[in-house]
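The file final_7.pdb contains PDB, C-alpha atoms:
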```pdb
MODEL        1
ATOM      1  CA  MET M   1      21.885 -17.892   5.509
ATOM      2  CA  THR M   2      18.656 -19.855   5.983
ATOM      3  CA  ALA M   3      16.590 -19.061   2.888
ATOM      4  CA  ARG M   4      13.241 -19.739   4.564
ATOM      5  CA  ASP M   5      13.867 -17.532   7.603
ATOM      6  CA  ILE M   6      12.276 -14.077   7.582
ATOM      7  CA  ALA M   7      13.142 -10.919   9.508
ATOM      8  CA  LEU M   8      10.292  -8.443  10.029
ATOM      9  CA  VAL M   9      11.612  -4.955  10.776
ATOM     10  CA  GLY M  10       9.027  -2.692  12.404
ATOM     11  CA  ALA M  11       7.214  -5.650  13.919
ATOM     12  CA  THR M  12       5.224  -3.506  16.365
ATOM     13  CA  SER M  13       4.005  -0.985  13.769
ATOM     14  CA  ALA M  14       0.480  -1.227  12.372
ATOM     15  CA  TYR M  15       1.885  -2.632   9.130
ATOM     16  CA  GLY M  16       4.181  -5.019  11.005
ATOM     17  CA  GLU M  17       1.306  -6.355  13.091
ATOM     18  CA  ALA M  18      -0.811  -6.921   9.970
ATOM     19  CA  ILE M  19       2.053  -8.741   8.237
ATOM     20  CA  ARG M  20       2.606 -11.011  11.250
ATOM     21  CA  GLU M  21      -1.102 -11.832  11.381
ATOM     22  CA  LEU M  22      -1.230 -12.637   7.662
ATOM     23  CA  LEU M  23       1.874 -14.834   7.818
ATOM     24  CA  ASP M  24       0.001 -16.825  10.449
ATOM     25  CA  GLU M  25      -3.442 -16.789   8.779
ATOM     26  CA  ARG M  26      -2.054 -17.875   5.395
ATOM     27  CA  ASP M  27       0.196 -20.508   6.987
ATOM     28  CA  VAL M  28       3.193 -19.233   5.011
ATOM     29  CA  PRO M  29       5.837 -22.023   4.935
ATOM     30  CA  LEU M  30       8.648 -20.029   6.478
ATOM     31  CA  GLY M  31      11.384 -21.277   8.786
ATOM     32  CA  ARG M  32      11.977 -18.919  11.683
ATOM     33  CA  LEU M  33      10.377 -15.498  12.020
ATOM     34  CA  HIS M  34      12.561 -12.813  13.614
ATOM     35  CA  LEU M  35      10.590  -9.844  14.989
ATOM     36  CA  LEU M  36      12.722  -6.690  15.075
ATOM     37  CA  ALA M  37      12.056  -3.161  16.305
ATOM     38  CA  SER M  38      13.917  -0.219  17.728
ATOM     39  CA  GLY M  39      13.620   1.789  20.914
ATOM     40  CA  GLU M  40      11.051   0.906  23.535
ATOM     41  CA  SER M  41       9.323  -1.582  21.223
ATOM     42  CA  ALA M  42      12.131  -4.099  21.675
ATOM     43  CA  GLY M  43      11.455  -6.626  24.416
ATOM     44  CA  GLN M  44       7.746  -7.062  23.778
ATOM     45  CA  ASN M  45       6.279 -10.532  23.288
ATOM     46  CA  LEU M  46       3.898 -10.983  20.350
ATOM     47  CA  PRO M  47       1.781 -14.041  19.470
ATOM     48  CA  PHE M  48       2.618 -16.138  16.426
ATOM     49  CA  ARG M  49       1.376 -19.636  15.642
ATOM     50  CA  GLY M  50       0.385 -20.561  19.150
ATOM     51  CA  SER M  51       3.421 -19.189  20.952
ATOM     52  CA  ASN M  52       4.967 -15.842  21.840
ATOM     53  CA  LEU M  53       7.916 -14.407  19.945
ATOM     54  CA  ARG M  54      10.149 -11.829  21.597
ATOM     55  CA  VAL M  55      10.793  -8.610  19.707
ATOM     56  CA  THR M  56      14.531  -7.990  19.559
ATOM     57  CA  GLY M  57      16.396  -4.764  18.906
ATOM     58  CA  LEU M  58      17.888  -3.886  15.553
ATOM     59  CA  ASP M  59      21.343  -3.220  16.971
ATOM     60  CA  GLY M  60      23.616  -6.151  16.346
ATOM     61  CA  PHE M  61      21.157  -8.284  14.387
ATOM     62  CA  ASP M  62      22.909 -10.269  11.641
ATOM     63  CA  PHE M  63      20.718 -10.041   8.528
ATOM     64  CA  ALA M  64      22.923 -12.597   6.779
ATOM     65  CA  GLN M  65      21.123 -15.326   8.773
ATOM     66  CA  VAL M  66      17.805 -14.791   6.949
ATOM     67  CA  GLY M  67      16.716 -15.114   3.348
ATOM     68  CA  ILE M  68      14.039 -12.401   3.341
ATOM     69  CA  VAL M  69      13.738  -9.082   5.170
ATOM     70  CA  ILE M  70      10.384  -7.287   5.265
ATOM     71  CA  LEU M  71      10.724  -3.593   6.064
ATOM     72  CA  ALA M  72       7.626  -2.182   7.778
ATOM     73  CA  ALA M  73       9.582   0.691   9.340
ATOM     74  CA  PRO M  74       9.855   4.420   8.526
ATOM     75  CA  ALA M  75      12.031   5.492   5.611
ATOM     76  CA  ALA M  76      14.631   7.018   7.941
ATOM     77  CA  VAL M  77      15.147   3.666   9.670
ATOM     78  CA  VAL M  78      15.333   1.849   6.350
ATOM     79  CA  GLU M  79      18.065   4.180   5.091
ATOM     80  CA  THR M  80      20.230   3.465   8.132
ATOM     81  CA  LEU M  81      19.858  -0.279   7.528
ATOM     82  CA  ARG M  82      20.589  -0.182   3.803
ATOM     83  CA  PRO M  83      24.369  -0.896   3.996
ATOM     84  CA  GLN M  84      23.805  -3.898   6.285
ATOM     85  CA  LEU M  85      21.044  -5.311   4.096
ATOM     86  CA  VAL M  86      23.017  -4.946   0.883
ATOM     87  CA  ALA M  87      26.050  -6.600   2.481
ATOM     88  CA  ALA M  88      23.908  -9.455   3.852
ATOM     89  CA  GLY M  89      22.744 -10.492   0.397
ATOM     90  CA  CYS M  90      19.126 -11.178   1.365
ATOM     91  CA  ALA M  91      15.956 -10.332  -0.536
ATOM     92  CA  VAL M  92      14.272  -7.158   0.736
ATOM     93  CA  LEU M  93      10.567  -6.250   0.644
ATOM     94  CA  ASP M  94      10.315  -2.539   1.400
ATOM     95  CA  LEU M  95       7.031  -0.868   2.384
ATOM     96  CA  SER M  96       8.652   2.474   3.215
ATOM     97  CA  GLY M  97       9.250   3.878  -0.260
ATOM     98  CA  ALA M  98      12.737   4.887   0.857
ATOM     99  CA  SER M  99      14.368   3.502  -2.265
ATOM    100  CA  ALA M 100      13.747   3.628  -5.984
ATOM    101  CA  ALA M 101      13.276  -0.135  -5.946
ATOM    102  CA  LEU M 102      11.191  -1.938  -8.515
ATOM    103  CA  SER M 103       7.585  -1.991  -7.327
ATOM    104  CA  VAL M 104       5.896  -5.347  -7.760
ATOM    105  CA  LEU M 105       2.211  -6.242  -7.527
ATOM    106  CA  PRO M 106       2.008 -10.046  -7.810
ATOM    107  CA  ARG M 107      -1.141 -10.349  -9.902
ATOM    108  CA  ILE M 108      -0.022  -7.693 -12.419
ATOM    109  CA  ASN M 109       3.776  -7.762 -12.800
ATOM    110  CA  GLY M 110       4.730 -10.628 -10.500
ATOM    111  CA  ASP M 111       6.525 -12.314 -13.395
ATOM    112  CA  ARG M 112       9.298  -9.761 -12.961
ATOM    113  CA  LEU M 113      10.521 -11.780  -9.976
ATOM    114  CA  ASP M 114      11.790 -14.487 -12.329
ATOM    115  CA  GLN M 115      14.175 -11.967 -13.897
ATOM    116  CA  LEU M 116      15.653 -10.655 -10.654
ATOM    117  CA  PRO M 117      18.608 -11.857  -8.551
ATOM    118  CA  VAL M 118      18.036 -13.614  -5.238
ATOM    119  CA  ALA M 119      19.138 -10.509  -3.325
ATOM    120  CA  ALA M 120      16.624  -8.206  -5.035
ATOM    121  CA  TRP M 121      15.309  -5.075  -3.314
ATOM    122  CA  LEU M 122      11.584  -4.888  -4.064
ATOM    123  CA  GLY M 123       9.217  -2.071  -3.278
ATOM    124  CA  VAL M 124       5.754  -2.864  -1.926
ATOM    125  CA  PRO M 125       3.468  -0.246  -3.537
ATOM    126  CA  LEU M 126       1.296   2.088  -1.523
ATOM    127  CA  ALA M 127      -2.254   0.805  -1.146
ATOM    128  CA  ALA M 128      -3.479   3.729  -3.261
ATOM    129  CA  ALA M 129      -1.088   2.775  -6.071
ATOM    130  CA  GLN M 130      -2.188  -0.848  -5.802
ATOM    131  CA  ALA M 131      -5.858   0.099  -6.041
ATOM    132  CA  ALA M 132      -5.418   2.407  -9.032
ATOM    133  CA  ALA M 133      -3.069   0.021 -10.859
ATOM    134  CA  SER M 134      -5.357  -2.964 -10.267
ATOM    135  CA  VAL M 135      -8.321  -1.239 -11.897
ATOM    136  CA  ALA M 136      -6.253   0.280 -14.714
ATOM    137  CA  ALA M 137      -4.701  -3.107 -15.543
ATOM    138  CA  VAL M 138      -8.145  -4.688 -15.941
ATOM    139  CA  LEU M 139      -9.477  -1.879 -18.103
ATOM    140  CA  ALA M 140      -6.342  -1.749 -20.269
ATOM    141  CA  ARG M 141      -7.285  -5.228 -21.500
ATOM    142  CA  LEU M 142     -10.533  -3.801 -22.876
ATOM    143  CA  ASN M 143      -9.339  -0.520 -24.320
ATOM    144  CA  ALA M 144      -5.977   1.153 -24.920
ATOM    145  CA  LEU M 145      -5.521   3.858 -22.292
ATOM    146  CA  SER M 146      -4.421   7.386 -23.160
ATOM    147  CA  ASP M 147      -4.136   8.956 -19.733
ATOM    148  CA  ALA M 148      -5.546   8.892 -16.226
ATOM    149  CA  SER M 149      -6.120  11.201 -13.293
ATOM    150  CA  LEU M 150      -6.009  10.061  -9.684
ATOM    151  CA  THR M 151      -7.060  11.916  -6.543
ATOM    152  CA  ALA M 152      -6.029   9.924  -3.478
ATOM    153  CA  CYS M 153      -7.421  10.744  -0.043
ATOM    154  CA  LEU M 154      -4.916   9.050   2.256
ATOM    155  CA  ALA M 155      -5.482   7.914   5.829
ATOM    156  CA  ALA M 156      -3.427   9.120   8.774
ATOM    157  CA  SER M 157      -2.124   5.582   9.348
ATOM    158  CA  GLY M 158      -0.103   5.942   6.149
ATOM    159  CA  ALA M 159       2.239   8.049   8.267
ATOM    160  CA  GLY M 160       2.594   5.189  10.749
ATOM    161  CA  ARG M 161       1.444   4.891  14.323
ATOM    162  CA  GLY M 162       2.484   8.491  14.895
ATOM    163  CA  GLY M 163      -0.056   9.653  12.329
ATOM    164  CA  VAL M 164      -2.869   7.793  14.082
ATOM    165  CA  GLU M 165      -1.824   9.174  17.457
ATOM    166  CA  GLU M 166      -1.618  12.750  16.163
ATOM    167  CA  LEU M 167      -5.078  12.623  14.586
ATOM    168  CA  ALA M 168      -6.525  11.222  17.827
ATOM    169  CA  ARG M 169      -4.745  13.858  19.905
ATOM    170  CA  GLN M 170      -5.916  16.703  17.664
ATOM    171  CA  ALA M 171      -9.520  15.503  17.778
ATOM    172  CA  THR M 172      -9.394  15.285  21.582
ATOM    173  CA  GLU M 173      -7.909  18.763  21.903
ATOM    174  CA  LEU M 174     -10.514  20.322  19.622
ATOM    175  CA  LEU M 175     -13.435  18.573  21.331
ATOM    176  CA  ASN M 176     -12.163  19.929  24.635
ATOM    177  CA  GLY M 177     -11.902  23.483  23.322
ATOM    178  CA  ARG M 178      -8.108  23.562  23.172
ATOM    179  CA  SER M 179      -5.931  24.789  20.327
ATOM    180  CA  VAL M 180      -4.254  22.217  18.091
ATOM    181  CA  GLU M 181      -0.529  21.704  17.776
ATOM    182  CA  SER M 182       0.625  19.954  14.597
ATOM    183  CA  ARG M 183       3.737  17.831  15.013
ATOM    184  CA  LEU M 184       3.621  15.432  12.094
ATOM    185  CA  PHE M 185       1.143  16.842   9.598
ATOM    186  CA  GLU M 186       1.374  20.265   7.979
ATOM    187  CA  GLY M 187      -1.600  21.620   9.893
ATOM    188  CA  GLN M 188      -4.801  20.682  11.672
ATOM    189  CA  LEU M 189      -5.962  17.344  10.277
ATOM    190  CA  ALA M 190      -8.791  16.552  12.693
ATOM    191  CA  PHE M 191     -12.156  17.627  11.190
ATOM    192  CA  ASN M 192     -10.209  19.005   8.246
ATOM    193  CA  LEU M 193      -8.689  18.017   4.907
ATOM    194  CA  LEU M 194      -5.124  18.920   3.967
ATOM    195  CA  GLY M 195      -4.444  19.633   0.308
ATOM    196  CA  ARG M 196      -1.162  17.751   0.286
ATOM    197  CA  THR M 197       0.561  14.989   2.235
ATOM    198  CA  GLY M 198       3.832  16.766   2.963
ATOM    199  CA  ALA M 199       6.101  19.484   1.663
ATOM    200  CA  ALA M 200       6.171  20.141  -2.064
ATOM    201  CA  THR M 201       9.310  19.384  -4.047
ATOM    202  CA  ALA M 202      10.785  21.703  -6.683
ATOM    203  CA  ASP M 203       8.132  20.723  -9.266
ATOM    204  CA  GLY M 204       5.231  21.239  -6.870
ATOM    205  CA  TYR M 205       4.550  17.540  -6.385
ATOM    206  CA  THR M 206       4.996  15.992  -2.956
ATOM    207  CA  ALA M 207       7.210  12.979  -2.293
ATOM    208  CA  GLN M 208       4.047  10.903  -1.798
ATOM    209  CA  GLU M 209       2.713  11.965  -5.187
ATOM    210  CA  HIS M 210       6.022  11.127  -6.852
ATOM    211  CA  ARG M 211       5.921   7.726  -5.178
ATOM    212  CA  LEU M 212       2.415   7.072  -6.495
ATOM    213  CA  LEU M 213       3.517   8.042  -9.997
ATOM    214  CA  ASP M 214       6.617   5.845  -9.878
ATOM    215  CA  GLU M 215       4.849   2.816  -8.440
ATOM    216  CA  CYS M 216       1.999   2.932 -10.947
ATOM    217  CA  GLN M 217       4.554   3.238 -13.748
ATOM    218  CA  HIS M 218       6.565   0.278 -12.427
ATOM    219  CA  VAL M 219       3.479  -1.908 -12.172
ATOM    220  CA  LEU M 220       1.653  -0.881 -15.354
ATOM    221  CA  GLY M 221       4.479   0.100 -17.685
ATOM    222  CA  ALA M 222       3.338   1.197 -21.131
ATOM    223  CA  ARG M 223      -0.287   0.285 -20.394
ATOM    224  CA  LEU M 224      -0.744   3.728 -18.805
ATOM    225  CA  PRO M 225       1.214   6.395 -20.720
ATOM    226  CA  VAL M 226       0.309   9.427 -18.574
ATOM    227  CA  LEU M 227      -0.962   9.704 -14.988
ATOM    228  CA  ASP M 228      -1.834  12.854 -13.047
ATOM    229  CA  VAL M 229      -1.828  12.482  -9.258
ATOM    230  CA  THR M 230      -3.081  14.595  -6.374
ATOM    231  CA  ALA M 231      -2.645  13.165  -2.868
ATOM    232  CA  VAL M 232      -4.534  14.781   0.003
ATOM    233  CA  GLN M 233      -4.434  13.979   3.710
ATOM    234  CA  ALA M 234      -7.797  12.781   4.953
ATOM    235  CA  PRO M 235      -8.941  12.941   8.614
ATOM    236  CA  VAL M 236      -9.514   9.182   8.958
ATOM    237  CA  PHE M 237      -7.382   6.708  10.884
ATOM    238  CA  PHE M 238      -7.477   3.832   8.393
ATOM    239  CA  GLY M 239      -8.667   3.376   4.824
ATOM    240  CA  ASP M 240      -7.747   5.164   1.595
ATOM    241  CA  SER M 241     -10.343   6.609  -0.802
ATOM    242  CA  LEU M 242      -9.605   7.345  -4.454
ATOM    243  CA  ALA M 243     -11.292   9.034  -7.393
ATOM    244  CA  LEU M 244      -9.885   7.560 -10.612
ATOM    245  CA  SER M 245     -10.578   8.835 -14.119
ATOM    246  CA  LEU M 246      -9.306   6.910 -17.167
ATOM    247  CA  ARG M 247      -9.377   8.171 -20.746
ATOM    248  CA  ALA M 248      -9.132   5.598 -23.518
ATOM    249  CA  GLN M 249      -8.469   5.801 -27.241
ATOM    250  CA  ALA M 250     -11.959   4.507 -28.051
ATOM    251  CA  PRO M 251     -15.346   4.830 -26.328
ATOM    252  CA  TRP M 252     -15.959   2.565 -23.337
ATOM    253  CA  GLN M 253     -18.741  -0.012 -23.263
ATOM    254  CA  LEU M 254     -20.061   0.295 -19.714
ATOM    255  CA  GLU M 255     -21.582  -3.200 -19.480
ATOM    256  CA  GLN M 256     -18.281  -4.722 -20.623
ATOM    257  CA  VAL M 257     -16.393  -2.638 -18.047
ATOM    258  CA  LEU M 258     -18.664  -3.710 -15.199
ATOM    259  CA  GLU M 259     -18.379  -7.375 -16.155
ATOM    260  CA  ALA M 260     -14.573  -7.216 -16.276
ATOM    261  CA  LEU M 261     -14.292  -5.434 -12.931
ATOM    262  CA  GLY M 262     -16.762  -7.818 -11.305
ATOM    263  CA  ASP M 263     -14.830 -10.887 -12.458
ATOM    264  CA  GLU M 264     -11.363  -9.701 -11.404
ATOM    265  CA  PRO M 265      -9.772 -11.315  -8.301
ATOM    266  CA  GLY M 266      -8.747  -8.696  -5.760
ATOM    267  CA  LEU M 267     -11.520  -6.304  -6.775
ATOM    268  CA  ALA M 268     -15.029  -6.167  -5.307
ATOM    269  CA  LEU M 269     -17.705  -4.511  -7.416
ATOM    270  CA  ASP M 270     -21.084  -4.322  -5.702
ATOM    271  CA  GLU M 271     -23.567  -2.517  -7.901
ATOM    272  CA  GLU M 272     -26.076  -2.353  -5.048
ATOM    273  CA  LEU M 273     -23.463  -0.703  -2.815
ATOM    274  CA  ASP M 274     -22.703   1.893  -5.462
ATOM    275  CA  CYS M 275     -20.618   4.197  -3.257
ATOM    276  CA  PRO M 276     -18.597   2.177  -0.708
ATOM    277  CA  SER M 277     -16.742   3.994   2.057
ATOM    278  CA  ALA M 278     -13.297   3.200   3.390
ATOM    279  CA  VAL M 279     -14.315   3.220   7.050
ATOM    280  CA  GLY M 280     -17.743   1.623   6.705
ATOM    281  CA  ASP M 281     -17.021  -1.019   4.070
ATOM    282  CA  ALA M 282     -13.324  -1.577   3.342
ATOM    283  CA  LEU M 283     -11.667  -1.999   6.733
ATOM    284  CA  GLY M 284     -10.575  -5.575   7.380
ATOM    285  CA  ARG M 285     -11.024  -6.599   3.753
ATOM    286  CA  GLU M 286      -8.296  -7.617   1.326
ATOM    287  CA  GLU M 287     -10.062  -6.453  -1.850
ATOM    288  CA  VAL M 288     -10.218  -3.043  -3.443
ATOM    289  CA  LEU M 289     -13.874  -1.974  -3.395
ATOM    290  CA  VAL M 290     -15.053  -0.356  -6.636
ATOM    291  CA  GLY M 291     -18.078   1.897  -6.978
ATOM    292  CA  ARG M 292     -19.592   4.793  -8.929
ATOM    293  CA  VAL M 293     -18.439   3.369 -12.267
ATOM    294  CA  ARG M 294     -19.761   5.754 -14.908
ATOM    295  CA  LEU M 295     -19.026   7.310 -18.280
ATOM    296  CA  HIS M 296     -18.294  10.992 -18.609
ATOM    297  CA  PRO M 297     -21.530  12.631 -19.829
ATOM    298  CA  ARG M 298     -19.728  14.510 -22.632
ATOM    299  CA  ASP M 299     -16.939  12.092 -23.537
ATOM    300  CA  ALA M 300     -17.593   8.343 -23.782
ATOM    301  CA  ARG M 301     -13.827   7.749 -23.900
ATOM    302  CA  ARG M 302     -13.516   8.831 -20.262
ATOM    303  CA  LEU M 303     -14.511   6.475 -17.439
ATOM    304  CA  GLU M 304     -14.840   7.542 -13.814
ATOM    305  CA  CYS M 305     -14.848   5.367 -10.682
ATOM    306  CA  TRP M 306     -14.509   5.445  -6.913
ATOM    307  CA  LEU M 307     -12.162   3.090  -5.041
ATOM    308  CA  VAL M 308     -11.686   2.368  -1.335
ATOM    309  CA  ALA M 309      -9.289   0.033   0.432
ATOM    310  CA  ASP M 310      -7.904  -0.856   3.833
ATOM    311  CA  ASN M 311      -4.477   0.720   3.341
ATOM    312  CA  VAL M 312      -2.707  -1.250   6.077
ATOM    313  CA  ARG M 313      -4.115  -4.692   5.275
ATOM    314  CA  LEU M 314      -3.722  -4.294   1.499
ATOM    315  CA  SER M 315      -0.047  -3.285   1.791
ATOM    316  CA  ALA M 316       0.617  -6.072   4.298
ATOM    317  CA  LEU M 317      -1.083  -8.629   2.059
ATOM    318  CA  THR M 318       1.084  -7.698  -0.913
ATOM    319  CA  ALA M 319       4.236  -7.967   1.206
ATOM    320  CA  VAL M 320       3.193 -11.445   2.360
ATOM    321  CA  GLN M 321       2.262 -12.545  -1.170
ATOM    322  CA  LEU M 322       5.690 -11.450  -2.409
ATOM    323  CA  ALA M 323       7.333 -13.331   0.449
ATOM    324  CA  GLU M 324       5.357 -16.439  -0.567
ATOM    325  CA  LEU M 325       6.628 -16.145  -4.136
ATOM    326  CA  LEU M 326      10.224 -15.700  -2.982
ATOM    327  CA  LEU M 327       9.941 -18.714  -0.677
ATOM    328  CA  LYS M 328       8.547 -20.761  -3.550
ATOM    329  CA  GLN M 329      11.520 -19.766  -5.708
ATOM    330  CA  SER M 330      13.972 -20.828  -2.999
ATOM    331  CA  ALA M 331      12.338 -24.240  -2.470
TER     332      ALA M 331
ENDMDL
END
```
What's the structure tokens form of this structure?
Amino acid sequence: MTARDIALVGATSAYGEAIRELLDERDVPLGRLHLLASGESAGQNLPFRGSNLRVTGLDGFDFAQVGIVILAAPAAVVETLRPQLVAAGCAVLDLSGASAALSVLPRINGDRLDQLPVAAWLGVPLAAAQAAASVAAVLARLNALSDASLTACLAASGAGRGGVEELARQATELLNGRSVESRLFEGQLAFNLLGRTGAATADGYTAQEHRLLDECQHVLGARLPVLDVTAVQAPVFFGDSLALSLRAQAPWQLEQVLEALGDEPGLALDEELDCPSAVGDALGREEVLVGRVRLHPRDARRLECWLVADNVRLSALTAVQLAELLLKQSA
């Protein structure tokens, strides 16, 4: 095993492309980067640090030769790879949510890495979970939280390249007066909003909603005792939008809240741009944009805000930041 070598599974996906770009932009001190994909994606050549790297197939790849594996592939692919990855003994950064791995957000619970074995399996939280947890963590320093409610409007790209392609195809069909066939989503997504992001489980929550709950709990721990989540499918290609409501044990001081949010790295509070949009303002940015910060008119213990983020870039950035921390540990 070469500890500084990295394998990127799903290298041709939107998340894989963003991770490759960030590894280059941030000049991450890795050894060799292995680009892996399945099916027709194998064989492509992709740019990295002034040269082209060939994308190789997953079949037959020996994961024991790398120190870190970044999984930017669908959950079904990840599950098939699990036995090989466990046997290889490498660290795994999983964006798929396929496992109940510990979710880590470097600036909030990154210290957990020091307590984990070298071959840890870490979950990279959904961008929506990252956005909500980032704001909640800041505000929990000001006031003890009682509960929170999150409504997450999730972009089609959260379902991978297939989600983007289906939304584009549906929009084209409708604009040309043809009926819509839904292959990936539960119904017509183009020019529409779907009240859930997949089939409901036995308790009525979707798998995506359970993932948001679990990831926020992993990252925040006891700082957020209770969280209610509703995830809806939004008809946008990229960019998540969230309405977050936080109830504290004591009344909020709005000026104090605004100062804390404005000073926090990773958050962007622009009081002039009071209501940022995912598509118009967040795409291409690495911060979570915060707007519409306000107190409930009948309960000063409840604070409301609006959050938007580039879902692909934010998730990719966290994966790369975790890889940087793991590489630092192995040095």
### Message
the PyMOL selection byres ((chain M and resi 65) around 10) - which residues does that actually catch in the file I just gave you? List them as a ChimeraX atom specification.
### Response
/M:1-7,61-64,66-68,88-90
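Using the PyMOL selection byres ((chain M and resi 237) around 6) on this structure selects Ala155, Ala156, Ser157, Val164, Val236 and Phe238 of chain M.
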If we count all atoms listed in the file, what is near M:Leu246 at a cut-off of 6 Å, once residues fewer than 4 positions away on the same chain are taken out, given as a PDB file with C-alpha atoms, in the coordinates of the input?
```pdb
ATOM      1  CA  ALA M 148      -5.546   8.892 -16.226  1.00  0.00           C
ATOM      2  CA  ARG M 302     -13.516   8.831 -20.262  1.00  0.00           C
ATOM      3  CA  LEU M 303     -14.511   6.475 -17.439  1.00  0.00           C
TER       4      LEU M 303
END
```
Using only C-alpha atoms - which residues lie no farther than 10 Å from the point (15.7, 2.3, 4.6) in the file's frame? Write them as a PDB file with C-alpha atoms, in the frame of the given file.
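Once everything was written out, this is result_18.pdb:
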```pdb
ATOM      1  CA  LEU M  71      10.724  -3.593   6.064  1.00  0.00           C
ATOM      2  CA  ALA M  72       7.626  -2.182   7.778  1.00  0.00           C
ATOM      3  CA  ALA M  73       9.582   0.691   9.340  1.00  0.00           C
ATOM      4  CA  PRO M  74       9.855   4.420   8.526  1.00  0.00           C
ATOM      5  CA  ALA M  75      12.031   5.492   5.611  1.00  0.00           C
ATOM      6  CA  ALA M  76      14.631   7.018   7.941  1.00  0.00           C
ATOM      7  CA  VAL M  77      15.147   3.666   9.670  1.00  0.00           C
ATOM      8  CA  VAL M  78      15.333   1.849   6.350  1.00  0.00           C
ATOM      9  CA  GLU M  79      18.065   4.180   5.091  1.00  0.00           C
ATOM     10  CA  THR M  80      20.230   3.465   8.132  1.00  0.00           C
ATOM     11  CA  LEU M  81      19.858  -0.279   7.528  1.00  0.00           C
ATOM     12  CA  ARG M  82      20.589  -0.182   3.803  1.00  0.00           C
ATOM     13  CA  PRO M  83      24.369  -0.896   3.996  1.00  0.00           C
ATOM     14  CA  LEU M  85      21.044  -5.311   4.096  1.00  0.00           C
ATOM     15  CA  ASP M  94      10.315  -2.539   1.400  1.00  0.00           C
ATOM     16  CA  LEU M  95       7.031  -0.868   2.384  1.00  0.00           C
ATOM     17  CA  SER M  96       8.652   2.474   3.215  1.00  0.00           C
ATOM     18  CA  GLY M  97       9.250   3.878  -0.260  1.00  0.00           C
ATOM     19  CA  ALA M  98      12.737   4.887   0.857  1.00  0.00           C
ATOM     20  CA  SER M  99      14.368   3.502  -2.265  1.00  0.00           C
TER      21      SER M  99
END
```
### Task
May I ask for the distance between atom CA of M:Leu269 and atom CA of M:Asp310, given in Å to one decimal place?
15.4 Å
### Message
Which residues would end up in the selection if the PyMOL selection byres ((chain M and resi 181) around 12) were applied here, given that I need the answer as a ChimeraX atom specification?
### Response
/M:166-167,169-174,178-180,182-190
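Atom CA of M:Val55 to atom CA of M:Lys328 spans 26.3 Å [interatomic distance, one decimal].
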Please provide as a PDB file with C-alpha atoms, in the frame of the given file all residues within 6 Å of stretch 279-285 of chain M, with the sequence filter that same-chain residues fewer than 2 positions apart are discarded (counting all atoms listed in the file).
```pdb
ATOM      1  CA  PRO M 276     -18.597   2.177  -0.708  1.00  0.00           C
ATOM      2  CA  SER M 277     -16.742   3.994   2.057  1.00  0.00           C
ATOM      3  CA  GLU M 287     -10.062  -6.453  -1.850  1.00  0.00           C
ATOM      4  CA  ALA M 309      -9.289   0.033   0.432  1.00  0.00           C
ATOM      5  CA  ASP M 310      -7.904  -0.856   3.833  1.00  0.00           C
TER       6      ASP M 310
END
```
### Nearby residues (only C-alpha atoms) at most 12 Å from M:Leu23, same-chain spacing under 5 positions excluded, as a PyMOL selection string
chain M and resi 6+8+16-18+28-33+47-49+70+316-324
May I have a table of the residues of stretch 77-108 of chain M lying at most 9 Å from stretch 130-141 of chain M, giving each one's closest pair of atoms and their distance in Å to one decimal, counting all atoms listed in the file, ordered by chain and ascending residue number, as a tab-separated table?
```
residue	atom	partner	partner_atom	distance
M:Leu105	CA	M:Gln130	CA	7.2
M:Arg107	CA	M:Ser134	CA	8.5
M:Ile108	CA	M:Ala137	CA	7.3
```
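If all atoms listed in the file are the atoms counted, then among M:Thr230, M:Leu113, M:Gly39, M:Asn143 the closest residue to M:His210 is M:Thr230.
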Please rebuild stretch 308-314 of chain M with N, CA, C and O atoms and return the result as a PDB file, in the coordinates of the input.
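Written file, rebuild-v4.pdb:
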```pdb
ATOM      1  N   VAL M 308     -12.054   2.291  -2.751  1.00  0.00           N
ATOM      2  CA  VAL M 308     -11.686   2.368  -1.335  1.00  0.00           C
ATOM      3  C   VAL M 308     -10.975   1.079  -0.950  1.00  0.00           C
ATOM      4  O   VAL M 308     -11.227   0.006  -1.510  1.00  0.00           O
ATOM      5  N   ALA M 309     -10.059   1.200   0.009  1.00  0.00           N
ATOM      6  CA  ALA M 309      -9.289   0.033   0.432  1.00  0.00           C
ATOM      7  C   ALA M 309      -8.769   0.244   1.838  1.00  0.00           C
ATOM      8  O   ALA M 309      -8.535   1.382   2.277  1.00  0.00           O
ATOM      9  N   ASP M 310      -8.570  -0.861   2.535  1.00  0.00           N
ATOM     10  CA  ASP M 310      -7.904  -0.856   3.833  1.00  0.00           C
ATOM     11  C   ASP M 310      -6.412  -0.724   3.549  1.00  0.00           C
ATOM     12  O   ASP M 310      -5.753  -1.682   3.129  1.00  0.00           O
ATOM     13  N   ASN M 311      -5.856   0.453   3.759  1.00  0.00           N
ATOM     14  CA  ASN M 311      -4.477   0.720   3.341  1.00  0.00           C
ATOM     15  C   ASN M 311      -3.468  -0.173   4.040  1.00  0.00           C
ATOM     16  O   ASN M 311      -2.497  -0.645   3.428  1.00  0.00           O
ATOM     17  N   VAL M 312      -3.672  -0.436   5.329  1.00  0.00           N
ATOM     18  CA  VAL M 312      -2.707  -1.250   6.077  1.00  0.00           C
ATOM     19  C   VAL M 312      -2.785  -2.708   5.641  1.00  0.00           C
ATOM     20  O   VAL M 312      -1.763  -3.342   5.328  1.00  0.00           O
ATOM     21  N   ARG M 313      -3.984  -3.263   5.604  1.00  0.00           N
ATOM     22  CA  ARG M 313      -4.115  -4.692   5.275  1.00  0.00           C
ATOM     23  C   ARG M 313      -3.709  -4.966   3.823  1.00  0.00           C
ATOM     24  O   ARG M 313      -3.090  -5.995   3.525  1.00  0.00           O
ATOM     25  N   LEU M 314      -4.057  -4.068   2.899  1.00  0.00           N
ATOM     26  CA  LEU M 314      -3.722  -4.294   1.499  1.00  0.00           C
ATOM     27  C   LEU M 314      -2.206  -4.289   1.297  1.00  0.00           C
ATOM     28  O   LEU M 314      -1.658  -5.143   0.590  1.00  0.00           O
TER      29      LEU M 314
END
```
